[in-house]
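Enquirer: Here it is: the structure, laid out below.
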Amino acid sequence: MRTIGATLASVQPGAVEIVLPFRADLTQQHGFLHAGIVATILDSACGYAAFSLMPANMAVLAVEFKINLLSPAQGRQIVAKAQVKRAGRTLTVCTADAYAHGEGEPKIVATMLSTIMAIPERDGLREQRP
């Protein structure tokens with residue numbers, strides 16, 4: 001997240017918001033935020049939302065996701081909002097939407113459905129709790 005300039009804006013049990021200021025160096029050939037970057041913040045938002053409901057000795061690993069790109073991602077910033085739909089012992093299902101903020105009302109640009117697996121923490125791979 002640090003590499004692309006994204007930050008956690010809100011963390012609640014089972015819900016996370018990540019904000020990414022628009023940067024020209026993260027765009028594709030038409031000047032829109034690259035789909036891979038949009039997927040990155042949606043995936044991270046889902047992971048952190050799931051992580052927020054897991055026991056302290058667990059870590060997260062995305063095992064599947066599907067993304068629909070609904071509109072070109074452009075504007076002042078992109079905000080990814082994720083929420084847990086069902087938290088299981090091993091698998092957690094989350095959804096997330098990405099919104100472009102610019103002039104006027106925020107516009108939805110992408111949506112994701114993700115499955116996150118709880119895995120035991122391993123030495124040297126301890127995740128940071130938000």
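Every chain in the structure tokens has a letter given in the order shown (A, B, ...), and although residue numbers restart at 1 in each chain, ligands are simply numbered from 1 in the order shown.
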Under the rule of at most 9 Å, produce a per-residue listing of region 50-128 of chain A near region 7-13 of chain A: chain, number, name, the closest pair of atoms, and the distance in Å, as JSON lines, using only C-alpha atoms.
Expert:
```
{"residue": "A:Ala50", "atom": "CA", "partner": "A:Pro13", "partner_atom": "CA", "distance": 8.6}
{"residue": "A:Phe51", "atom": "CA", "partner": "A:Pro13", "partner_atom": "CA", "distance": 9.0}
{"residue": "A:Ser52", "atom": "CA", "partner": "A:Pro13", "partner_atom": "CA", "distance": 5.5}
{"residue": "A:Leu53", "atom": "CA", "partner": "A:Pro13", "partner_atom": "CA", "distance": 6.1}
{"residue": "A:Val79", "atom": "CA", "partner": "A:Ala9", "partner_atom": "CA", "distance": 8.9}
{"residue": "A:Gln83", "atom": "CA", "partner": "A:Pro13", "partner_atom": "CA", "distance": 8.9}
{"residue": "A:Val84", "atom": "CA", "partner": "A:Pro13", "partner_atom": "CA", "distance": 8.8}
```
Enquirer: Just the number, please: distance in Å from CA of Ile41 (chain A) to CA of Met1 (chain A), one decimal.
Expert: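 Straight-line distance from CA of Ile41 (chain A) to CA of Met1 (chain A) works out to 7.8 Å.
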Enquirer: So that I can check the secondary structure, give me every residue of region 13-49 of chain A assigned alpha helix (DSSP H) by backbone DSSP, as a ChimeraX atom specification.
Expert: /A:35-49
Enquirer: Which residues of region 16-126 of chain A have any atom within 10 Å of an atom in region 2-5 of chain A when counting only C-alpha atoms, and what is the closest pair of atoms for each, with the distance in Å to one decimal? Order the rows by chain and rising number and write it as CSV.
Expert:
```
residue,atom,partner,partner_atom,distance
A:Val19,CA,A:Gly5,CA,8.6
A:Leu20,CA,A:Gly5,CA,6.2
A:Pro21,CA,A:Gly5,CA,7.1
A:Phe22,CA,A:Gly5,CA,9.2
A:Arg23,CA,A:Ile4,CA,8.6
A:Asp25,CA,A:Ile4,CA,9.3
A:Leu26,CA,A:Ile4,CA,7.7
A:Ile37,CA,A:Ile4,CA,8.1
A:Thr40,CA,A:Ile4,CA,9.5
A:Ile41,CA,A:Ile4,CA,9.4
```
Enquirer: Near Ser114 (chain A), within 6 Å and counting only C-alpha atoms, which residues show up once chain neighbours fewer than 5 positions away are dropped, as an mmCIF file with C-alpha atoms, in the first residue's frame?
Expert:
```cif
data_model
loop_
_atom_site.group_PDB
_atom_site.id
_atom_site.type_symbol
_atom_site.label_atom_id
_atom_site.label_comp_id
_atom_site.auth_asym_id
_atom_site.auth_seq_id
_atom_site.Cartn_x
_atom_site.Cartn_y
_atom_site.Cartn_z
ATOM 1 C CA GLU A 64 -10.240 -16.150 -4.772
ATOM 2 C CA PHE A 65 -11.726 -12.924 -6.038
ATOM 3 C CA VAL A 93 -16.431 -13.815 2.218
ATOM 4 C CA CYS A 94 -16.192 -10.077 1.601
#
```
Enquirer: With only C-alpha atoms as the basis for distance, which of A:Val63, A:Ala15, A:Ala73, A:Met54 is at the shortest distance from Gly31 (chain A)?
Expert: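 Selected residue with least distance to Gly31 (chain A): A:Ala73.
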Enquirer: Write out as CSV the residues of region 25-81 of chain A that have any atom within 6 Å of an atom of region 97-106 of chain A, one row each with the nearest atom pair and its distance in Å to one decimal, counting only C-alpha atoms, sorted by chain and then rising number.
Expert:
```
residue,atom,partner,partner_atom,distance
A:Gly75,CA,A:Gly102,CA,4.4
A:Arg76,CA,A:Gly102,CA,4.9
A:Gln77,CA,A:His101,CA,5.3
A:Ile78,CA,A:Ala100,CA,4.6
A:Val79,CA,A:Tyr99,CA,5.2
A:Ala80,CA,A:Ala98,CA,4.3
A:Lys81,CA,A:Asp97,CA,5.4
```
Enquirer: When you look at Leu70 (chain A) with a cut-off of 9 Å (counting only C-alpha atoms), what residues show up, excluding the ones that are within fewer than 6 positions of it in the same chain? I need them as an MDAnalysis selection string.
Expert: chainID A and resid 108:111
Enquirer: With distances taken over only C-alpha atoms, which residue among A:Met112, A:Ala49, A:Ala96, A:Ala56 lies nearest Leu69 (chain A)?
Expert: A:Met112
